[in-house]
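> Sharing a structure with you now.
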Amino acid sequence: MTGISIKDKTVLVTGSNRGIGKSFVLQALAMGAKKVYATARNESTLAELVALNDSRLTTLSLDVSDQTQVDAAARDAKDVEILVNNSGVGGGGPIIGNADEAPKRLEMDVNYFGPMKMSTAFAPILKSNGGGAIINILSISSLCSFAFAPGYSASKAAGHSLTQAIRAELAKQGTLVCGVYPGPIDTDMAKNLPFEKASPDSVATHTYEAMSSAVEDIYPDPFAVEFVKQLRTDPKAVEKSNANAA
Ligand SMILES: NC(=O)c1ccc[n+]([C@@H]2O[C@H](COP(=O)([O-])OP(=O)(O)OC[C@H]3O[C@@H](n4cnc5c(N)ncnc54)[C@H](OP(=O)(O)O)[C@@H]3O)[C@@H](O)[C@H]2O)c1
């Protein structure tokens with residue numbers, strides 16, 4: 001698979017009103033994208049991006065857990081060459097002694113079924129535009145569960161498996177499928193985590209640069225790089241450490 005530069009490309013980012021998604025929009029514009037679809041559940045929350053007055057920016061309303069909205073986005077954005085599946089939720093709480101399944105089903109709906117719906121809807125569009133790329137924002141918790149976020153980790157592990165599956169299925173149409181495995185990043189989602197955090201802008205620039213070199217597994221920050229190194233050396237020690245993290 002050949003690398004794809006963000007320059008002069010049309011990209012769609014899910015969950016782009018804040019955090020990492022907003023950085024993927026801003027860095028795409030900074031790195032010379034031709035057109036950027038910034039999407040959010042509530043389009044009015046994209047006001048700061050709209051205020052940039054950049055003619056390359058188009059906004060769309062999109063809840064990735066809603067098939068009707070996903071289909072509408074695919075009808076409205078037939079020129080997309082790069083799809084960034086960024087939307088995510090956490091907060092499902094512990095498993096044992098916690099009978100409430102709803103927040104854990106929501107984590108699966110947004111973090112697993114969301115990218116699945118989006119990838120299915122946009123695969124024919126990417127194909128007709130020359131192959132393109134899908135970037136799935138996963139997590140180091142995709143690779144080993146963190147005890148403080150068990151349902152989230154399970155949904156991100158499912159997202160990792162989905163990424164491998166669609167990479168295999170889309171290889172024949174020339175679509176590059178990248179999985180991004182960040183450590184703690186300085187956004188609303190991680191605000192209560194007691195770790196050193198990388199900036200969301202650095203995740204976006206690192207990812208776009210890695211995509212241009214056709215890197216499939218992207219570890220965008222120092223925490224993630226060290227985590228994966230330890231995981232390869234002693235996976236059981238990482239599991240034990242994750243049991244006590246945060
Ligand atoms: N921050 C970290 O430490 C970290 C580490 C590893 C991976 N990640 C991943 O990075 C991605 C971005 O997270 P973040 O850190 O930027 O968190 P964030 O600030 O909480 O942003 C989450 C984004 O997802 C959107 N979203 C939630 N449910 C959605 C739905 N059903 N449809 C469409 N959009 C939805 C949110 O929109 P609303 O404003 O409408 O809620 C928001 O834009 C997530 O996939 C997350 O799992 C984050």
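All residue names refer to the structure tokens as shown: chains lettered A, B, ... in order, residues numbered from 1 in each chain, ligands numbered from 1 in order.
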Run DSSP on the backbone and give me the residues of segment 49-104 of chain A it puts in alpha helix (DSSP H), as an MDAnalysis selection string.

chainID A and resid 49:50 67:76 102:104

> Got time to write the residues from that selection, N, CA and C atoms, as an mmCIF file, in the first residue's frame?


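For reference, out_18.cif as written:
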data_model
loop_
_atom_site.group_PDB
_atom_site.id
_atom_site.type_symbol
_atom_site.label_atom_id
_atom_site.label_comp_id
_atom_site.auth_asym_id
_atom_site.auth_seq_id
_atom_site.Cartn_x
_atom_site.Cartn_y
_atom_site.Cartn_z
ATOM 1 N N LEU A 49 -14.809 26.497 14.595
ATOM 2 C CA LEU A 49 -14.193 26.144 13.303
ATOM 3 C C LEU A 49 -14.809 26.986 12.188
ATOM 4 N N VAL A 50 -16.129 27.163 12.221
ATOM 5 C CA VAL A 50 -16.810 27.968 11.201
ATOM 6 C C VAL A 50 -16.273 29.399 11.219
ATOM 7 N N GLN A 67 -27.622 5.139 11.938
ATOM 8 C CA GLN A 67 -27.410 4.692 10.548
ATOM 9 C C GLN A 67 -27.971 5.689 9.527
ATOM 10 N N THR A 68 -29.118 6.302 9.864
ATOM 11 C CA THR A 68 -29.729 7.263 8.927
ATOM 12 C C THR A 68 -28.799 8.454 8.701
ATOM 13 N N GLN A 69 -28.178 8.937 9.798
ATOM 14 C CA GLN A 69 -27.267 10.085 9.670
ATOM 15 C C GLN A 69 -25.976 9.688 8.953
ATOM 16 N N VAL A 70 -25.508 8.468 9.192
ATOM 17 C CA VAL A 70 -24.302 7.988 8.498
ATOM 18 C C VAL A 70 -24.583 7.914 6.994
ATOM 19 N N ASP A 71 -25.740 7.370 6.625
ATOM 20 C CA ASP A 71 -26.101 7.267 5.199
ATOM 21 C C ASP A 71 -26.232 8.657 4.569
ATOM 22 N N ALA A 72 -26.802 9.595 5.326
ATOM 23 C CA ALA A 72 -26.959 10.965 4.806
ATOM 24 C C ALA A 72 -25.587 11.607 4.576
ATOM 25 N N ALA A 73 -24.660 11.374 5.504
ATOM 26 C CA ALA A 73 -23.302 11.942 5.341
ATOM 27 C C ALA A 73 -22.641 11.366 4.092
ATOM 28 N N ALA A 74 -22.841 10.069 3.857
ATOM 29 C CA ALA A 74 -22.241 9.432 2.675
ATOM 30 C C ALA A 74 -22.872 9.977 1.386
ATOM 31 N N ARG A 75 -24.149 10.364 1.449
ATOM 32 C CA ARG A 75 -24.789 10.972 0.262
ATOM 33 C C ARG A 75 -24.263 12.384 0.026
ATOM 34 N N ASP A 76 -23.972 13.098 1.141
ATOM 35 C CA ASP A 76 -23.568 14.517 1.037
ATOM 36 C C ASP A 76 -22.080 14.692 0.737
ATOM 37 N N ALA A 102 -26.184 -0.163 30.096
ATOM 38 C CA ALA A 102 -26.415 0.871 29.070
ATOM 39 C C ALA A 102 -25.149 1.656 28.709
ATOM 40 N N PRO A 103 -24.360 2.116 29.695
ATOM 41 C CA PRO A 103 -23.170 2.889 29.303
ATOM 42 C C PRO A 103 -22.134 2.045 28.556
ATOM 43 N N LYS A 104 -22.101 0.758 28.856
ATOM 44 C CA LYS A 104 -21.137 -0.124 28.155
ATOM 45 C C LYS A 104 -21.620 -0.405 26.731
#

> Please provide the set of residues having any atom within 12 Å of Ala47 of chain A, restricted to only C-alpha atoms, with same-chain residues fewer than 2 positions apart removed, written as a PyMOL selection string.

chain A and resi 16-18+22+38-40+42-45+49-53+57-60

> Please report as CSV every residue of chain A lying within 7 Å of ligand 1, along with the nearest atom pair and their distance in Å (one decimal), using only C-alpha atoms and all ligand atoms.


residue,atom,partner,partner_atom_place_in_ligand_line,distance
A:Thr14,CA,ligand 1,34 (N),5.9
A:Gly15,CA,ligand 1,43 (O),3.4
A:Ser16,CA,ligand 1,43 (O),5.0
A:Asn17,CA,ligand 1,43 (O),4.9
A:Arg18,CA,ligand 1,43 (O),5.0
A:Gly19,CA,ligand 1,16 (O),3.4
A:Ile20,CA,ligand 1,16 (O),3.8
A:Gly21,CA,ligand 1,16 (O),5.7
A:Ala40,CA,ligand 1,34 (N),5.5
A:Arg41,CA,ligand 1,40 (O),4.8
A:Asn42,CA,ligand 1,40 (O),6.0
A:Leu62,CA,ligand 1,33 (C),5.8
A:Asp63,CA,ligand 1,32 (N),3.5
A:Val64,CA,ligand 1,32 (N),4.1
A:Ser65,CA,ligand 1,31 (N),4.9
A:Asn86,CA,ligand 1,45 (O),4.7
A:Ser87,CA,ligand 1,24 (O),3.6
A:Gly88,CA,ligand 1,45 (O),3.5
A:Val89,CA,ligand 1,27 (C),5.3
A:Gly90,CA,ligand 1,47 (O),6.9
A:Val110,CA,ligand 1,31 (N),5.2
A:Asn111,CA,ligand 1,45 (O),6.4
A:Ile137,CA,ligand 1,45 (O),5.2
A:Leu138,CA,ligand 1,7 (C),5.4
A:Ser139,CA,ligand 1,6 (C),4.1
A:Ile140,CA,ligand 1,6 (C),6.5
A:Tyr181,CA,ligand 1,6 (C),6.4
A:Pro182,CA,ligand 1,6 (C),4.4
A:Gly183,CA,ligand 1,5 (C),5.1
A:Pro184,CA,ligand 1,3 (O),3.5
A:Ile185,CA,ligand 1,3 (O),3.7
A:Asp186,CA,ligand 1,1 (N),5.8
A:Thr187,CA,ligand 1,15 (O),4.8
A:Asp188,CA,ligand 1,19 (O),4.4
A:Met189,CA,ligand 1,20 (O),4.0
A:Ala190,CA,ligand 1,3 (O),4.6

> If you count only C-alpha atoms, which residues fall within 9 Å of Tyr208 of chain A, apart from same-chain ones fewer than 2 positions away, as a PyMOL selection string?

chain A and resi 4-6+24+27-28+31+203-206+210-213

> Given the choices A:Ser55, A:Val13, A:Ile96, A:Asp66, which gets closest to Val84 of chain A if the distance is worked out from only C-alpha atoms?

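Counting only C-alpha atoms, the residue closest to Val84 of chain A is A:Val13.
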
> May I ask which of the residues A:Gly91, A:Gly97, A:Pro222, A:Gly159 is the closest one to Ser142 of chain A, counting only C-alpha atoms?

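Between A:Gly91, A:Gly97, A:Pro222, A:Gly159, the residue approaching Ser142 of chain A most closely is A:Gly159.
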
> Hey, what does DSSP flag as strand (DSSP E or B) within segment 58-226 of chain A? Can you give it to me as a ChimeraX atom specification?

/A:58-61,82-85,133-137,176-180,185,198,217-218

> Output all heavy atoms of each residue in that selection to a file, as a compact mmCIF listing (two decimals), in the first residue's frame.


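For reference, again-v4.txt as written:
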# COMPACT_ATOMS: atom_id res chain seq x y z
N THR A 58 -16.39 22.51 5.37
CA THR A 58 -17.84 22.28 5.27
C THR A 58 -18.26 21.55 6.54
O THR A 58 -17.56 20.64 6.98
CB THR A 58 -18.14 21.37 4.05
OG1 THR A 58 -17.72 22.05 2.87
CG2 THR A 58 -19.61 21.05 3.95
N THR A 59 -19.39 21.93 7.13
CA THR A 59 -19.84 21.24 8.34
C THR A 59 -21.03 20.34 8.02
O THR A 59 -21.82 20.62 7.13
CB THR A 59 -20.24 22.25 9.44
OG1 THR A 59 -21.33 23.03 8.99
CG2 THR A 59 -19.08 23.15 9.82
N LEU A 60 -21.10 19.24 8.77
CA LEU A 60 -22.22 18.30 8.64
C LEU A 60 -22.64 17.86 10.03
O LEU A 60 -21.79 17.71 10.93
CB LEU A 60 -21.80 17.05 7.87
CG LEU A 60 -21.52 17.12 6.37
CD1 LEU A 60 -21.09 15.74 5.88
CD2 LEU A 60 -22.75 17.59 5.63
N SER A 61 -23.91 17.58 10.18
CA SER A 61 -24.43 17.01 11.42
C SER A 61 -24.30 15.49 11.33
O SER A 61 -24.75 14.89 10.36
CB SER A 61 -25.90 17.43 11.52
OG SER A 61 -26.43 16.96 12.70
N ILE A 82 -10.21 10.70 2.48
CA ILE A 82 -9.66 10.23 3.76
C ILE A 82 -10.75 10.36 4.83
O ILE A 82 -11.32 11.44 5.01
CB ILE A 82 -8.42 11.07 4.17
CG1 ILE A 82 -7.32 10.90 3.12
CG2 ILE A 82 -7.93 10.67 5.56
CD1 ILE A 82 -6.21 11.93 3.23
N LEU A 83 -11.06 9.24 5.48
CA LEU A 83 -12.08 9.21 6.54
C LEU A 83 -11.37 9.05 7.88
O LEU A 83 -10.62 8.09 8.06
CB LEU A 83 -13.02 8.03 6.30
CG LEU A 83 -13.96 7.65 7.45
CD1 LEU A 83 -14.96 8.77 7.73
CD2 LEU A 83 -14.70 6.35 7.13
N VAL A 84 -11.61 9.99 8.80
CA VAL A 84 -11.04 9.89 10.14
C VAL A 84 -12.15 9.52 11.12
O VAL A 84 -13.02 10.34 11.45
CB VAL A 84 -10.35 11.20 10.58
CG1 VAL A 84 -9.72 11.02 11.96
CG2 VAL A 84 -9.30 11.64 9.57
N ASN A 85 -12.16 8.27 11.57
CA ASN A 85 -13.12 7.80 12.58
C ASN A 85 -12.57 8.13 13.96
O ASN A 85 -11.80 7.37 14.53
CB ASN A 85 -13.33 6.29 12.44
CG ASN A 85 -14.19 5.92 11.25
OD1 ASN A 85 -15.21 6.56 10.99
ND2 ASN A 85 -13.77 4.90 10.52
N ALA A 133 -7.88 6.53 2.22
CA ALA A 133 -7.46 5.99 3.53
C ALA A 133 -8.56 6.12 4.56
O ALA A 133 -9.40 7.03 4.49
CB ALA A 133 -6.21 6.73 4.02
N ILE A 134 -8.54 5.18 5.50
CA ILE A 134 -9.36 5.28 6.72
C ILE A 134 -8.40 5.34 7.89
O ILE A 134 -7.47 4.53 7.99
CB ILE A 134 -10.29 4.05 6.87
CG1 ILE A 134 -11.31 4.01 5.72
CG2 ILE A 134 -11.00 4.08 8.22
CD1 ILE A 134 -12.21 2.77 5.73
N ILE A 135 -8.62 6.33 8.76
CA ILE A 135 -7.82 6.45 9.99
C ILE A 135 -8.76 6.18 11.16
O ILE A 135 -9.72 6.94 11.38
CB ILE A 135 -7.22 7.87 10.12
CG1 ILE A 135 -6.25 8.16 8.98
CG2 ILE A 135 -6.54 8.04 11.47
CD1 ILE A 135 -5.74 9.61 8.95
N ASN A 136 -8.52 5.11 11.90
CA ASN A 136 -9.34 4.81 13.08
C ASN A 136 -8.58 5.23 14.34
O ASN A 136 -7.48 4.73 14.61
CB ASN A 136 -9.66 3.31 13.14
CG ASN A 136 -10.69 2.91 12.12
OD1 ASN A 136 -11.44 3.76 11.61
ND2 ASN A 136 -10.76 1.63 11.80
N ILE A 137 -9.19 6.12 15.13
CA ILE A 137 -8.57 6.54 16.39
C ILE A 137 -8.94 5.50 17.45
O ILE A 137 -10.08 5.44 17.92
CB ILE A 137 -9.01 7.96 16.82
CG1 ILE A 137 -8.84 8.96 15.67
CG2 ILE A 137 -8.21 8.39 18.04
CD1 ILE A 137 -7.42 9.11 15.13
N LEU A 176 -5.79 2.43 2.17
CA LEU A 176 -4.87 2.31 3.31
C LEU A 176 -5.69 2.44 4.60
O LEU A 176 -6.45 3.40 4.76
CB LEU A 176 -3.82 3.44 3.24
CG LEU A 176 -2.87 3.59 4.42
CD1 LEU A 176 -1.93 2.38 4.53
CD2 LEU A 176 -2.04 4.87 4.26
N VAL A 177 -5.56 1.48 5.51
CA VAL A 177 -6.30 1.54 6.79
C VAL A 177 -5.30 1.67 7.94
O VAL A 177 -4.49 0.76 8.18
CB VAL A 177 -7.20 0.30 6.97
CG1 VAL A 177 -7.93 0.36 8.31
CG2 VAL A 177 -8.23 0.22 5.84
N CYS A 178 -5.34 2.81 8.61
CA CYS A 178 -4.40 3.09 9.71
C CYS A 178 -5.13 2.99 11.05
O CYS A 178 -6.22 3.55 11.22
CB CYS A 178 -3.84 4.51 9.58
SG CYS A 178 -2.99 4.85 8.04
N GLY A 179 -4.51 2.32 12.01
CA GLY A 179 -4.99 2.34 13.40
C GLY A 179 -4.08 3.25 14.20
O GLY A 179 -2.86 3.15 14.11
N VAL A 180 -4.68 4.16 14.98
CA VAL A 180 -3.91 5.10 15.80
C VAL A 180 -4.13 4.72 17.27
O VAL A 180 -5.29 4.59 17.71
CB VAL A 180 -4.34 6.56 15.55
CG1 VAL A 180 -3.47 7.52 16.34
CG2 VAL A 180 -4.29 6.88 14.06
N ILE A 185 -4.06 11.82 26.23
CA ILE A 185 -4.01 13.05 25.43
C ILE A 185 -4.83 14.12 26.16
O ILE A 185 -5.87 13.81 26.76
CB ILE A 185 -4.57 12.81 24.00
CG1 ILE A 185 -3.90 11.58 23.34
CG2 ILE A 185 -4.40 14.06 23.14
CD1 ILE A 185 -2.39 11.66 23.20
N ALA A 198 -0.01 14.21 26.08
CA ALA A 198 0.44 14.87 24.85
C ALA A 198 -0.70 15.76 24.32
O ALA A 198 -1.85 15.61 24.73
CB ALA A 198 0.80 13.82 23.80
N ASP A 217 0.16 0.98 11.77
CA ASP A 217 -0.04 1.01 13.22
C ASP A 217 0.71 2.23 13.76
O ASP A 217 1.95 2.25 13.76
CB ASP A 217 0.50 -0.26 13.88
CG ASP A 217 -0.13 -1.51 13.29
OD1 ASP A 217 -1.33 -1.46 12.94
OD2 ASP A 217 0.57 -2.52 13.15
N ILE A 218 -0.05 3.22 14.23
CA ILE A 218 0.54 4.52 14.56
C ILE A 218 0.48 4.76 16.07
O ILE A 218 -0.60 4.75 16.67
CB ILE A 218 -0.20 5.64 13.79
CG1 ILE A 218 -0.10 5.39 12.27
CG2 ILE A 218 0.37 7.01 14.14
CD1 ILE A 218 -0.94 6.34 11.41

> For Leu29 of chain A, list every protein, DNA or RNA residue within 10 Å, evaluated using only C-alpha atoms, and leave out those in the same chain fewer than 3 positions away; present the list as a list of chain:residue names.

A:Ile6, A:Lys7, A:Asp8, A:Val11, A:Ser23, A:Phe24, A:Val25, A:Leu26, A:Gly32, A:Ala33, A:Lys34, A:Lys35, A:Val36, A:Asp54, A:Arg56, A:Leu57

> Write the selection just made, keeping N, CA, C and O atoms, as a PDB file, in the first residue's frame?


ATOM      1  N   ILE A   6      -1.860  14.265   3.114  1.00  0.00           N
ATOM      2  CA  ILE A   6      -3.100  15.008   3.365  1.00  0.00           C
ATOM      3  C   ILE A   6      -3.226  16.195   2.404  1.00  0.00           C
ATOM      4  O   ILE A   6      -4.332  16.679   2.137  1.00  0.00           O
ATOM      5  N   LYS A   7      -2.089  16.610   1.843  1.00  0.00           N
ATOM      6  CA  LYS A   7      -2.086  17.796   0.954  1.00  0.00           C
ATOM      7  C   LYS A   7      -2.988  17.550  -0.266  1.00  0.00           C
ATOM      8  O   LYS A   7      -2.912  16.503  -0.899  1.00  0.00           O
ATOM      9  N   ASP A   8      -3.842  18.525  -0.525  1.00  0.00           N
ATOM     10  CA  ASP A   8      -4.764  18.499  -1.674  1.00  0.00           C
ATOM     11  C   ASP A   8      -5.794  17.370  -1.616  1.00  0.00           C
ATOM     12  O   ASP A   8      -6.372  17.009  -2.634  1.00  0.00           O
ATOM     13  N   VAL A  11     -10.988  15.375   3.238  1.00  0.00           N
ATOM     14  CA  VAL A  11     -11.022  14.546   4.446  1.00  0.00           C
ATOM     15  C   VAL A  11     -12.303  14.811   5.230  1.00  0.00           C
ATOM     16  O   VAL A  11     -12.813  15.938   5.224  1.00  0.00           O
ATOM     17  N   SER A  23      -8.522  18.862  16.377  1.00  0.00           N
ATOM     18  CA  SER A  23      -7.125  18.977  15.923  1.00  0.00           C
ATOM     19  C   SER A  23      -6.939  18.336  14.554  1.00  0.00           C
ATOM     20  O   SER A  23      -6.157  18.840  13.734  1.00  0.00           O
ATOM     21  N   PHE A  24      -7.622  17.229  14.287  1.00  0.00           N
ATOM     22  CA  PHE A  24      -7.508  16.613  12.951  1.00  0.00           C
ATOM     23  C   PHE A  24      -8.045  17.548  11.863  1.00  0.00           C
ATOM     24  O   PHE A  24      -7.516  17.569  10.746  1.00  0.00           O
ATOM     25  N   VAL A  25      -9.066  18.328  12.198  1.00  0.00           N
ATOM     26  CA  VAL A  25      -9.576  19.320  11.238  1.00  0.00           C
ATOM     27  C   VAL A  25      -8.555  20.446  11.062  1.00  0.00           C
ATOM     28  O   VAL A  25      -8.164  20.792   9.939  1.00  0.00           O
ATOM     29  N   LEU A  26      -8.101  21.017  12.173  1.00  0.00           N
ATOM     30  CA  LEU A  26      -7.187  22.171  12.106  1.00  0.00           C
ATOM     31  C   LEU A  26      -5.870  21.805  11.427  1.00  0.00           C
ATOM     32  O   LEU A  26      -5.351  22.570  10.601  1.00  0.00           O
ATOM     33  N   GLY A  32      -2.528  21.679   4.267  1.00  0.00           N
ATOM     34  CA  GLY A  32      -2.835  21.870   2.847  1.00  0.00           C
ATOM     35  C   GLY A  32      -3.921  20.989   2.270  1.00  0.00           C
ATOM     36  O   GLY A  32      -3.962  20.786   1.043  1.00  0.00           O
ATOM     37  N   ALA A  33      -4.839  20.488   3.123  1.00  0.00           N
ATOM     38  CA  ALA A  33      -5.964  19.697   2.583  1.00  0.00           C
ATOM     39  C   ALA A  33      -6.787  20.547   1.619  1.00  0.00           C
ATOM     40  O   ALA A  33      -6.871  21.772   1.757  1.00  0.00           O
ATOM     41  N   LYS A  34      -7.403  19.869   0.639  1.00  0.00           N
ATOM     42  CA  LYS A  34      -8.221  20.596  -0.357  1.00  0.00           C
ATOM     43  C   LYS A  34      -9.571  20.978   0.255  1.00  0.00           C
ATOM     44  O   LYS A  34     -10.072  22.072   0.051  1.00  0.00           O
ATOM     45  N   LYS A  35     -10.155  20.032   1.012  1.00  0.00           N
ATOM     46  CA  LYS A  35     -11.486  20.257   1.581  1.00  0.00           C
ATOM     47  C   LYS A  35     -11.591  19.444   2.868  1.00  0.00           C
ATOM     48  O   LYS A  35     -11.073  18.316   2.929  1.00  0.00           O
ATOM     49  N   VAL A  36     -12.240  19.996   3.891  1.00  0.00           N
ATOM     50  CA  VAL A  36     -12.384  19.284   5.166  1.00  0.00           C
ATOM     51  C   VAL A  36     -13.855  19.308   5.590  1.00  0.00           C
ATOM     52  O   VAL A  36     -14.443  20.390   5.736  1.00  0.00           O
ATOM     53  N   ASP A  54     -12.716  29.639   6.659  1.00  0.00           N
ATOM     54  CA  ASP A  54     -11.868  28.974   5.659  1.00  0.00           C
ATOM     55  C   ASP A  54     -12.793  28.318   4.627  1.00  0.00           C
ATOM     56  O   ASP A  54     -13.605  27.460   4.979  1.00  0.00           O
ATOM     57  N   ARG A  56     -12.404  26.137   2.623  1.00  0.00           N
ATOM     58  CA  ARG A  56     -12.230  24.684   2.431  1.00  0.00           C
ATOM     59  C   ARG A  56     -13.047  23.870   3.425  1.00  0.00           C
ATOM     60  O   ARG A  56     -13.123  22.651   3.317  1.00  0.00           O
ATOM     61  N   LEU A  57     -13.649  24.553   4.425  1.00  0.00           N
ATOM     62  CA  LEU A  57     -14.356  23.847   5.509  1.00  0.00           C
ATOM     63  C   LEU A  57     -15.860  23.742   5.238  1.00  0.00           C
ATOM     64  O   LEU A  57     -16.498  24.738   4.915  1.00  0.00           O
TER      65      LEU A  57
END

> Please report as a tab-separated table every residue of segment 75-181 of chain A lying within 12 Å of segment 232-236 of chain A, along with the nearest atom pair and their distance in Å (one decimal), using only C-alpha atoms.


residue	atom	partner	partner_atom	distance
A:Leu143	CA	A:Pro235	CA	9.7
A:Cys144	CA	A:Pro235	CA	8.3
A:Ser145	CA	A:Pro235	CA	11.3

> Take the residues from that selection and put them in a file with C-alpha atoms, as a PDB file, in the first residue's frame.


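Result file is part.pdb:
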ATOM      1  CA  LEU A 143      -3.980  -3.568  23.202  1.00  0.00           C
ATOM      2  CA  CYS A 144      -4.320  -4.248  26.945  1.00  0.00           C
ATOM      3  CA  SER A 145      -7.296  -3.431  29.196  1.00  0.00           C
TER       4      SER A 145
END

> If we count only C-alpha atoms, what is near Ser155 of chain A at a cut-off of 7 Å, once residues fewer than 5 positions away on the same chain are taken out, given as a ChimeraX atom specification?

/A:107-108,111-112

> One decimal, Å: what's the distance from atom CA of Ala237 of chain A over to atom CA of Pro200 of chain A, could you say?

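According to the coordinates, atom CA of Ala237 of chain A and atom CA of Pro200 of chain A are separated by 28.2 Å.
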
> Quote the spacing between atom CA of Ala214 of chain A and atom CA of Met1 of chain A in Å to one decimal place.

6.6 Å

> Counting only C-alpha atoms, figure out which residue out of A:Lys127, A:Pro115, A:Ala99, A:Lys229 gets nearest to Lys172 of chain A.

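Selected residue with least distance to Lys172 of chain A: A:Lys127.
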
> So how far away is atom CA of Leu193 of chain A from atom CA of Ala243 of chain A, in Å?

14.6 Å
